[in-house]
Amino acid sequence: MKLKMKELRRALYIFATEKTVGFTLISIFLGLVVGALFLAVAGFNPFRAYWIMLQGIFAKPSYISYTIIRATPLILTGLSIAFAFKTGLFNIGAEGQFIIGSVAATAAGYFLHLPLLIHIPVVIISAVLAAGIWGGLAGFFKAKFGVHEVISTIMLNWVALYFQNFLIYTKGFQKPGGETSYSIQPTANMMILKTWKQSEAGREWLLQHPFWKDLLRTPMNWGFVIAILMAVLVWFILNKTALGFRLRAVGFNKFAAEYGGINVNKNMIISMFIAGALAGLAGALQVVGVSHKVTLIAAMEGYGFDGIAVALIANSNAMGCILAGLLFGALKYGGAKIQPFMQAPSEVVSIVIGSIVFFISIPKLIKLILTRKSKKGGTK
Amino acid sequence: MIETILSNLALILGTTLMYSTPLIYTSLGGVLSENSGVINIGLEGMMVIGAFIGAAIGYYVGNPWIAFIGAGVAGGLFGLLHAFASVTFGANQVVSGIAINFLGIGIALFLSRIFFEGATMTKSIQLDNKMPRPLNGVFPDGSILNTIFDNQYATVYLAFIMVLLIWFFLYKTKYGLRLRSVGEHPTAADTLGINVMGIRYFAVIMSGVFAGFGGAAMSLAIVSNFRPTLISGHGFIALAAMIFGKWKPQGAMLACLLFGGAQGLAVYLGQFDINIPTQLISMLPYVITIVVLIGFVGKSSAPSADGIPYEKESKY
């Protein structure tokens with residue numbers, strides 16, 4: 001029996017220290033423990049809180065759907081930042097690129113009148129291009145003038161925020177009497193079965209099928225599928241193409257890459273363009289799938305900053321971004337429910353996420369704890 | 001005519017000082033940490049917790065200085081956390097800094113809900129319990145000096161004293177030299193018997209203290225409470241100012257003043273009925289910063305060992 005425990009510890013040690021996935025899972029667990037400690041000290045039952053969160057994520061089809069809808073933009077901003085990380089750049093600007101993407105999508109969705117199957121792609125492509133250029137701008141500033149991308153993207157975030165607010169107060173774009181833009185044309189709407197849901201036949205069918213009725217209550221759309229496709233695409237570009245090889249080479253060692261004949265400046269701009277495009281896609285999908293318009297924003301909404309955490313939890317792995325985004329979306333959506341149900345601060349979710357990222361930053365600590373334990377087991 | 005121009009300039013200068021102050025404290029924190037070789041992207045989170053603790057102590061205790069110091073202590077504790085990860089455990093400093101940002105806003109709002117009846121906004125500090133305004137009413141009414149200094153809080157003056165102190169510390173004392181040597185070449189510093197780990201701990205904790213001050217300069221002076229969007233990005237702007245100022249206290253101060261100045265200009269222009277929408281004017285500080293960076297400042301260089309965890313050579 002003792003021997004078995006020892007073997008188990010050894011297996012755990014290998015799992016936690018030599019496999020990235022294992023280490024990430026342990027960090028997530030520890031993050032949840034820290035959150036529980038905060039709740040417990042504040043006088044709330046942490047088990048009840050996590051149970052409410054779990055129910056809030058899985059208890060109904062619509063909850064699952066909302067979780068996925070919440071996760072979709074985070075997967076994409078996470079991908080944007082992970083992509084930049086892999087190429088040696090720190091894209092703090094996903095926030096602003098998201099904004100530019102959603103503004104461009106709203107403009108193309110409202111002003112253009114196109115047939116159903118063409119309108120959505122046109123909207124998305126124009127948003128992706130606009131946000132790509134916005135991101136590429138930071139790459140250009142860095143390549144041409146040596147401006148640190150951290151500064152330029154932070155500044156561009158604010159410029160984007162005020163630009164959106166400026167457009168919202170612009171005649172022709174502002175919906176009269178509101179602090180929002182006009183909504184996009186129905187042809188640009190990507191909600192699944194939108195017209196059928198409201199039709200006579202649809203309503204009748206849904207009445208008899210409560211599962212589908214609940215599921216379709218949400219603004220369910222194709223965004224999640226697109227996000228997954230993008231993760232595959234990013235993985236493919238980075239690992240299977242010459243472009244990806246060049247970009248990673250620049251990220252790995254700028255000087256060696258230059259010596260090897262790679263145009264570092266050009267690749268920096270391309271990398272920021274792609275990162276911007278991904279974050280812009282997140283904004284576009286949010287508009288065509290969920291919000292259908294843009295509204296006045298007083299402060300940063302956090303899609304870009306949350307994306308940084310997603311990329312870090314995913315260890316900048318494209319596929320990992322899907323899972324980390326889902327985790328993040330679930331925590332945010334489910335976590336919000338502990339406020340009304342038990343008056344516990346839902347901000348505990350930020351503490352959990354912060355702690356997860358914190359533990360991820362210190363693999364050595366976890367290694368140390370586990371070696372101590374296995375050593376103790378050995379001497380017994 | 002000249003008088004109106006002067007009084008307008010004074011008005012802009014006054015707002016400039018007000019808006020720059022929280023940024024100056026926070027970017028000084030960045031200067032300390034990064035000169036010792038530890039990237040501190042967690043300034044935002046440290047600023048948030050400082051702003052909250054400052055507002056909370058200010059409300060419950062009523063003494064602005066106790067609140068200000070409390071904010072520094074809270075920021076320092078977050079600095080300790082960052083040092084623990086990045087100095088002792090050789091963490092990727094960007095990652096632990098991002099963690100600090102989430103923890104800062106998370107813990108601040110969590111505590112706010114507990115101590116302020118479930119609200120994410122703290123109750124306002126009474127006017128008498130805010131930071132004092134030392135030069136209030138000293139200069140004659142309507143004079144230019146009065147326009148500049150009348151409404152400035154003590155935190156403003158203290159910020160500039162701190163710039164001087166940090167500058168003196170870094171460039172005129174042996175401890176400052178040690179701190180910089182640890183950031184430039186830790187191995188060499190170590191062979192000379194300098195305690196690399198100790199100095200980095202000190203620098204990172206102090207950077208938290210200063211970021212905490214920065215947050216409190218916001219919640220105890222410019223406004224009189226804490227709310228979720230109070231800091232929203234100012235820590236990042238201070239970080240940018242620190243890089244912009246080439247990792248030097250005086251440079252960071254100038255960058256913060258430029259930023260505050262652009263903001264002051266935006267506020268000044270905003271009061272007229274001119275045909276520029278306020279949203280575009282609000283963009284000004286950020287656009288000016290980018291333009292200045294493109295036009296006037298060349299490539300900036302960080303301390304050589306910035307961001308690289310230091311490990312002693314293994315003895316085996």
# chains A, B, ... in the order shown; residues from 1 in each chain; ligands from 1
>>> interface_residues(of="chain A", to="chain B", cutoff="6 Å", atoms="only C-alpha atoms", output="NGL selection string")
:A and (145-146 or 151 or 155 or 159 or 162 or 166 or 345 or 347 or 350-351 or 354 or 357-358 or 361-362 or 364)
>>> select_by_dssp(residues="range 261-291 of chain B", states="helix (DSSP H, G or I)", output="ChimeraX atom specification")
/B:261-270,278-291
>>> residues_around(residues="Ala227 in chain A", least_positions_apart="6", cutoff="10 Å", atoms="only C-alpha atoms", output="CSV table (one decimal) with all heavy atoms, in the first residue's frame")
chain,number,residue,atom,x,y,z
A,71,ALA,N,-17.4,32.7,-24.1
A,71,ALA,CA,-16.0,32.2,-24.3
A,71,ALA,C,-15.5,32.6,-25.7
A,71,ALA,O,-14.3,32.9,-25.9
A,71,ALA,CB,-15.9,30.7,-24.2
A,72,THR,N,-16.4,32.7,-26.7
A,72,THR,CA,-16.0,32.9,-28.1
A,72,THR,C,-15.0,34.1,-28.3
A,72,THR,O,-13.9,33.9,-28.8
A,72,THR,CB,-17.2,33.0,-29.0
A,72,THR,OG1,-18.0,31.8,-28.8
A,72,THR,CG2,-16.8,33.1,-30.5
A,73,PRO,N,-15.4,35.3,-27.9
A,73,PRO,CA,-14.5,36.4,-28.1
A,73,PRO,C,-13.1,36.2,-27.3
A,73,PRO,O,-12.1,36.6,-27.8
A,73,PRO,CB,-15.2,37.6,-27.6
A,73,PRO,CG,-16.3,37.1,-26.7
A,73,PRO,CD,-16.6,35.8,-27.2
A,74,LEU,N,-13.2,35.6,-26.2
A,74,LEU,CA,-12.0,35.4,-25.4
A,74,LEU,C,-11.0,34.4,-26.1
A,74,LEU,O,-9.8,34.6,-26.0
A,74,LEU,CB,-12.3,34.9,-24.0
A,74,LEU,CG,-13.2,35.9,-23.2
A,74,LEU,CD1,-13.6,35.3,-21.8
A,74,LEU,CD2,-12.5,37.2,-23.0
A,75,ILE,N,-11.6,33.4,-26.7
A,75,ILE,CA,-10.7,32.5,-27.4
A,75,ILE,C,-10.0,33.2,-28.5
A,75,ILE,O,-8.8,33.1,-28.7
A,75,ILE,CB,-11.6,31.3,-28.1
A,75,ILE,CG1,-12.2,30.4,-27.0
A,75,ILE,CG2,-10.8,30.5,-29.0
A,75,ILE,CD1,-13.2,29.5,-27.5
A,76,LEU,N,-10.7,34.1,-29.2
A,76,LEU,CA,-10.1,34.8,-30.3
A,76,LEU,C,-9.1,35.9,-29.9
A,76,LEU,O,-8.0,36.0,-30.4
A,76,LEU,CB,-11.1,35.4,-31.2
A,76,LEU,CG,-11.8,34.4,-32.1
A,76,LEU,CD1,-13.1,35.0,-32.7
A,76,LEU,CD2,-10.9,33.9,-33.2
A,77,THR,N,-9.4,36.6,-28.8
A,77,THR,CA,-8.4,37.6,-28.3
A,77,THR,C,-7.2,36.8,-27.7
A,77,THR,O,-6.1,37.2,-27.8
A,77,THR,CB,-9.0,38.6,-27.3
A,77,THR,OG1,-9.6,37.9,-26.3
A,77,THR,CG2,-9.9,39.6,-27.9
A,79,LEU,N,-6.1,34.0,-28.8
A,79,LEU,CA,-5.3,33.5,-30.0
A,79,LEU,C,-4.5,34.7,-30.5
A,79,LEU,O,-3.3,34.5,-30.9
A,79,LEU,CB,-6.3,33.1,-31.1
A,79,LEU,CG,-6.8,31.7,-31.1
A,79,LEU,CD1,-7.8,31.4,-32.2
A,79,LEU,CD2,-5.6,30.7,-31.2
A,233,LEU,N,-6.4,27.1,-37.8
A,233,LEU,CA,-5.6,27.9,-38.8
A,233,LEU,C,-4.3,28.5,-38.2
A,233,LEU,O,-3.3,28.4,-38.8
A,233,LEU,CB,-6.5,29.0,-39.3
A,233,LEU,CG,-6.0,29.8,-40.5
A,233,LEU,CD1,-5.9,29.0,-41.7
A,233,LEU,CD2,-6.8,31.1,-40.8
A,278,LEU,N,-7.1,38.8,-35.7
A,278,LEU,CA,-7.8,37.9,-34.9
A,278,LEU,C,-8.6,38.6,-33.8
A,278,LEU,O,-9.8,38.2,-33.6
A,278,LEU,CB,-6.7,37.0,-34.2
A,278,LEU,CG,-6.1,35.9,-35.1
A,278,LEU,CD1,-4.8,35.3,-34.5
A,278,LEU,CD2,-7.1,34.8,-35.4
A,281,LEU,N,-11.6,40.0,-35.4
A,281,LEU,CA,-12.6,39.0,-35.7
A,281,LEU,C,-13.5,38.8,-34.5
A,281,LEU,O,-14.7,38.6,-34.6
A,281,LEU,CB,-11.9,37.7,-36.2
A,281,LEU,CG,-12.8,36.5,-36.5
A,281,LEU,CD1,-13.7,36.8,-37.6
A,281,LEU,CD2,-12.0,35.3,-36.8
A,282,ALA,N,-12.8,38.8,-33.3
A,282,ALA,CA,-13.6,38.6,-32.1
A,282,ALA,C,-14.7,39.7,-32.0
A,282,ALA,O,-15.8,39.4,-31.7
A,282,ALA,CB,-12.7,38.7,-30.9
A,285,LEU,N,-17.5,39.1,-34.7
A,285,LEU,CA,-18.4,38.0,-34.3
A,285,LEU,C,-19.3,38.5,-33.2
A,285,LEU,O,-20.5,38.1,-33.2
A,285,LEU,CB,-17.6,36.8,-33.9
A,285,LEU,CG,-16.8,36.1,-35.0
A,285,LEU,CD1,-16.1,34.9,-34.5
A,285,LEU,CD2,-17.7,35.7,-36.2
A,321,CYS,N,-5.9,27.6,-26.3
A,321,CYS,CA,-6.7,28.9,-26.2
A,321,CYS,C,-8.2,28.5,-26.2
A,321,CYS,O,-9.0,29.2,-25.5
A,321,CYS,CB,-6.4,29.8,-27.3
A,321,CYS,SG,-4.8,30.7,-27.1
A,322,ILE,N,-8.6,27.5,-26.9
A,322,ILE,CA,-10.0,27.1,-27.0
A,322,ILE,C,-10.4,26.7,-25.5
A,322,ILE,O,-11.4,27.2,-25.0
A,322,ILE,CB,-10.2,25.9,-27.9
A,322,ILE,CG1,-9.8,26.3,-29.3
A,322,ILE,CG2,-11.7,25.5,-27.9
A,322,ILE,CD1,-9.9,25.2,-30.3
>>> atom_distance(atom1="CA of Gln263 in chain B", atom2="CA of Asn8 in chain B")
14.4 Å
>>> atom_distance(atom1="CA of Val61 in chain B", atom2="CA of Gly76 in chain B")
20.3 Å
>>> residues_around(residues="Leu216 in chain A", least_positions_apart="2", cutoff="10 Å", atoms="only C-alpha atoms", output="list of chain:residue names")
A:Pro61, A:Ser62, A:Ser65, A:Met191, A:Ile192, A:Leu193, A:Lys194, A:Lys197, A:Leu206, A:Pro210, A:Phe211, A:Trp212, A:Lys213, A:Asp214, A:Thr218, A:Pro219, A:Met220, A:Asn221
>>> atom_distance(atom1="CA of Val103 in chain A", atom2="CA of Val294 in chain A")
6.6 Å
>>> residues_around(residues="Ile124 in chain A", least_positions_apart="4", cutoff="12 Å", atoms="only C-alpha atoms", output="short mmCIF file (atom, residue, chain, number, x, y, z; two decimals) with C-alpha atoms, in the first residue's frame")
data_model
loop_
_atom_site.label_atom_id
_atom_site.label_comp_id
_atom_site.auth_asym_id
_atom_site.auth_seq_id
_atom_site.Cartn_x
_atom_site.Cartn_y
_atom_site.Cartn_z
CA ILE A 100 -12.01 48.58 -34.26
CA GLY A 101 -13.29 45.21 -35.45
CA SER A 102 -16.70 45.69 -33.90
CA VAL A 103 -17.00 49.26 -35.19
CA ALA A 104 -16.05 48.23 -38.72
CA ALA A 105 -18.46 45.28 -38.58
CA THR A 106 -21.29 47.51 -37.43
CA ALA A 107 -20.58 50.04 -40.17
CA ALA A 108 -20.42 47.39 -42.89
CA GLY A 109 -23.43 45.63 -41.44
CA ILE A 118 -22.68 37.54 -49.08
CA HIS A 119 -23.33 40.13 -46.42
CA ILE A 120 -21.92 38.29 -43.41
CA VAL A 128 -10.75 41.78 -39.94
CA LEU A 129 -8.96 44.05 -42.42
CA ALA A 130 -9.63 47.19 -40.40
CA ALA A 131 -8.45 45.63 -37.15
CA GLY A 132 -5.50 44.02 -38.91
CA ALA A 188 -25.73 40.52 -41.63
CA ASN A 189 -27.18 38.75 -38.61
CA MET A 190 -25.49 35.46 -37.83
CA GLY A 223 -19.02 32.35 -33.76
CA ILE A 226 -15.37 30.06 -36.45
CA ALA A 277 -7.06 40.60 -37.41
CA LEU A 278 -7.78 37.86 -34.87
CA ALA A 279 -8.83 40.32 -32.17
CA GLY A 280 -10.87 42.22 -34.76
CA LEU A 281 -12.62 39.00 -35.73
CA ALA A 282 -13.61 38.62 -32.09
CA GLY A 283 -15.22 42.07 -32.24
CA ALA A 284 -16.91 41.33 -35.56
CA LEU A 285 -18.39 38.05 -34.35
CA GLN A 286 -19.66 39.77 -31.24
CA VAL A 287 -21.52 42.25 -33.45
CA VAL A 288 -22.93 39.88 -36.08
CA GLY A 289 -23.71 37.17 -33.55
#
>>> residues_around(residues="Ile194 in chain B", least_positions_apart="2", cutoff="12 Å", atoms="only C-alpha atoms", output="ChimeraX atom specification")
/B:174-183,185-192,196-200
>>> write_last_selection(atoms="C-alpha atoms", output="compact mmCIF listing (two decimals), in the first residue's frame")
# COMPACT_ATOMS: atom_id res chain seq x y z
CA LYS B 174 25.95 53.48 -3.36
CA TYR B 175 22.70 51.60 -2.82
CA GLY B 176 21.31 53.10 -5.99
CA LEU B 177 24.44 52.08 -7.85
CA ARG B 178 24.02 48.57 -6.48
CA LEU B 179 20.40 48.48 -7.55
CA ARG B 180 21.30 49.52 -11.08
CA SER B 181 24.21 47.12 -11.26
CA VAL B 182 21.88 44.30 -10.30
CA GLY B 183 19.66 45.29 -13.20
CA HIS B 185 24.65 42.64 -14.80
CA PRO B 186 23.52 40.55 -11.84
CA THR B 187 26.30 38.00 -12.15
CA ALA B 188 29.00 40.65 -11.92
CA ALA B 189 27.18 42.29 -9.03
CA ASP B 190 26.95 38.95 -7.28
CA THR B 191 30.66 38.27 -7.57
CA LEU B 192 31.27 41.64 -5.92
CA VAL B 196 21.11 40.39 -5.81
CA MET B 197 17.99 38.76 -4.41
CA GLY B 198 17.74 41.18 -1.48
CA ILE B 199 18.04 44.24 -3.67
CA ARG B 200 15.50 42.95 -6.14
>>> decode(residues="range 200-211 of chain A", atoms="all heavy atoms", output="mmCIF file, in the first residue's frame")
data_model
loop_
_atom_site.group_PDB
_atom_site.id
_atom_site.type_symbol
_atom_site.label_atom_id
_atom_site.label_comp_id
_atom_site.auth_asym_id
_atom_site.auth_seq_id
_atom_site.Cartn_x
_atom_site.Cartn_y
_atom_site.Cartn_z
ATOM 1 N N GLU A 200 -44.230 31.568 -36.882
ATOM 2 C CA GLU A 200 -45.344 30.838 -36.266
ATOM 3 C C GLU A 200 -44.996 29.375 -36.038
ATOM 4 O O GLU A 200 -45.094 28.843 -34.943
ATOM 5 C CB GLU A 200 -46.579 30.961 -37.167
ATOM 6 C CG GLU A 200 -47.856 30.504 -36.524
ATOM 7 C CD GLU A 200 -48.598 31.684 -35.878
ATOM 8 O OE1 GLU A 200 -48.055 32.813 -35.853
ATOM 9 O OE2 GLU A 200 -49.705 31.468 -35.421
ATOM 10 N N ALA A 201 -44.528 28.747 -37.132
ATOM 11 C CA ALA A 201 -44.216 27.320 -37.083
ATOM 12 C C ALA A 201 -43.105 27.047 -36.078
ATOM 13 O O ALA A 201 -43.165 26.089 -35.306
ATOM 14 C CB ALA A 201 -43.799 26.833 -38.476
ATOM 15 N N GLY A 202 -42.105 27.912 -36.106
ATOM 16 C CA GLY A 202 -40.965 27.732 -35.205
ATOM 17 C C GLY A 202 -41.395 27.807 -33.764
ATOM 18 O O GLY A 202 -41.020 26.979 -32.938
ATOM 19 N N ARG A 203 -42.218 28.795 -33.471
ATOM 20 C CA ARG A 203 -42.648 28.983 -32.087
ATOM 21 C C ARG A 203 -43.436 27.775 -31.598
ATOM 22 O O ARG A 203 -43.277 27.322 -30.472
ATOM 23 C CB ARG A 203 -43.488 30.252 -31.974
ATOM 24 C CG ARG A 203 -42.652 31.516 -31.996
ATOM 25 C CD ARG A 203 -43.150 32.532 -30.981
ATOM 26 N NE ARG A 203 -44.491 32.993 -31.315
ATOM 27 C CZ ARG A 203 -44.741 34.153 -31.932
ATOM 28 N NH1 ARG A 203 -43.748 34.933 -32.280
ATOM 29 N NH2 ARG A 203 -45.964 34.516 -32.197
ATOM 30 N N GLU A 204 -44.270 27.253 -32.507
ATOM 31 C CA GLU A 204 -45.084 26.103 -32.119
ATOM 32 C C GLU A 204 -44.224 24.879 -31.844
ATOM 33 O O GLU A 204 -44.392 24.191 -30.855
ATOM 34 C CB GLU A 204 -46.082 25.796 -33.243
ATOM 35 C CG GLU A 204 -47.272 25.025 -32.745
ATOM 36 C CD GLU A 204 -48.497 25.383 -33.582
ATOM 37 O OE1 GLU A 204 -48.975 26.530 -33.489
ATOM 38 O OE2 GLU A 204 -48.903 24.515 -34.360
ATOM 39 N N TRP A 205 -43.236 24.655 -32.738
ATOM 40 C CA TRP A 205 -42.361 23.493 -32.591
ATOM 41 C C TRP A 205 -41.576 23.594 -31.297
ATOM 42 O O TRP A 205 -41.420 22.647 -30.559
ATOM 43 C CB TRP A 205 -41.408 23.418 -33.795
ATOM 44 C CG TRP A 205 -40.646 22.123 -33.850
ATOM 45 C CD1 TRP A 205 -41.054 20.961 -34.421
ATOM 46 C CD2 TRP A 205 -39.349 21.860 -33.281
ATOM 47 N NE1 TRP A 205 -40.097 19.988 -34.259
ATOM 48 C CE2 TRP A 205 -39.050 20.514 -33.559
ATOM 49 C CE3 TRP A 205 -38.425 22.632 -32.566
ATOM 50 C CZ2 TRP A 205 -37.855 19.913 -33.155
ATOM 51 C CZ3 TRP A 205 -37.235 22.038 -32.165
ATOM 52 C CH2 TRP A 205 -36.956 20.693 -32.457
ATOM 53 N N LEU A 206 -41.088 24.788 -31.017
ATOM 54 C CA LEU A 206 -40.257 24.973 -29.827
ATOM 55 C C LEU A 206 -41.057 24.770 -28.549
ATOM 56 O O LEU A 206 -40.543 24.308 -27.540
ATOM 57 C CB LEU A 206 -39.626 26.371 -29.834
ATOM 58 C CG LEU A 206 -38.492 26.556 -30.839
ATOM 59 C CD1 LEU A 206 -38.035 27.999 -30.862
ATOM 60 C CD2 LEU A 206 -37.312 25.643 -30.518
ATOM 61 N N LEU A 207 -42.349 25.098 -28.636
ATOM 62 C CA LEU A 207 -43.190 24.942 -27.454
ATOM 63 C C LEU A 207 -43.261 23.478 -27.030
ATOM 64 O O LEU A 207 -43.349 23.159 -25.847
ATOM 65 C CB LEU A 207 -44.595 25.479 -27.770
ATOM 66 C CG LEU A 207 -45.317 26.160 -26.606
ATOM 67 C CD1 LEU A 207 -44.490 27.300 -26.052
ATOM 68 C CD2 LEU A 207 -46.679 26.664 -27.059
ATOM 69 N N GLN A 208 -43.182 22.606 -28.047
ATOM 70 C CA GLN A 208 -43.266 21.180 -27.735
ATOM 71 C C GLN A 208 -41.908 20.565 -27.425
ATOM 72 O O GLN A 208 -41.816 19.418 -27.005
ATOM 73 C CB GLN A 208 -43.900 20.432 -28.919
ATOM 74 C CG GLN A 208 -45.396 20.659 -28.985
ATOM 75 C CD GLN A 208 -45.925 20.483 -30.380
ATOM 76 O OE1 GLN A 208 -45.206 20.064 -31.288
ATOM 77 N NE2 GLN A 208 -47.203 20.805 -30.581
ATOM 78 N N HIS A 209 -40.853 21.300 -27.676
ATOM 79 C CA HIS A 209 -39.514 20.763 -27.423
ATOM 80 C C HIS A 209 -38.771 21.690 -26.481
ATOM 81 O O HIS A 209 -38.003 22.549 -26.927
ATOM 82 C CB HIS A 209 -38.736 20.607 -28.735
ATOM 83 C CG HIS A 209 -39.385 19.652 -29.676
ATOM 84 N ND1 HIS A 209 -40.461 20.003 -30.462
ATOM 85 C CD2 HIS A 209 -39.124 18.350 -29.951
ATOM 86 C CE1 HIS A 209 -40.833 18.966 -31.187
ATOM 87 N NE2 HIS A 209 -40.038 17.941 -30.891
ATOM 88 N N PRO A 210 -38.999 21.533 -25.179
ATOM 89 C CA PRO A 210 -38.441 22.489 -24.203
ATOM 90 C C PRO A 210 -36.911 22.584 -24.243
ATOM 91 O O PRO A 210 -36.351 23.645 -24.017
ATOM 92 C CB PRO A 210 -38.913 21.953 -22.852
ATOM 93 C CG PRO A 210 -39.445 20.588 -23.114
ATOM 94 C CD PRO A 210 -39.817 20.510 -24.534
ATOM 95 N N PHE A 211 -36.249 21.459 -24.551
ATOM 96 C CA PHE A 211 -34.787 21.487 -24.598
ATOM 97 C C PHE A 211 -34.316 22.493 -25.645
ATOM 98 O O PHE A 211 -33.510 23.371 -25.380
ATOM 99 C CB PHE A 211 -34.256 20.084 -24.922
ATOM 100 C CG PHE A 211 -32.759 20.039 -25.094
ATOM 101 C CD1 PHE A 211 -31.930 19.853 -24.003
ATOM 102 C CD2 PHE A 211 -32.183 20.187 -26.356
ATOM 103 C CE1 PHE A 211 -30.553 19.815 -24.165
ATOM 104 C CE2 PHE A 211 -30.800 20.153 -26.513
ATOM 105 C CZ PHE A 211 -29.985 19.968 -25.416
#
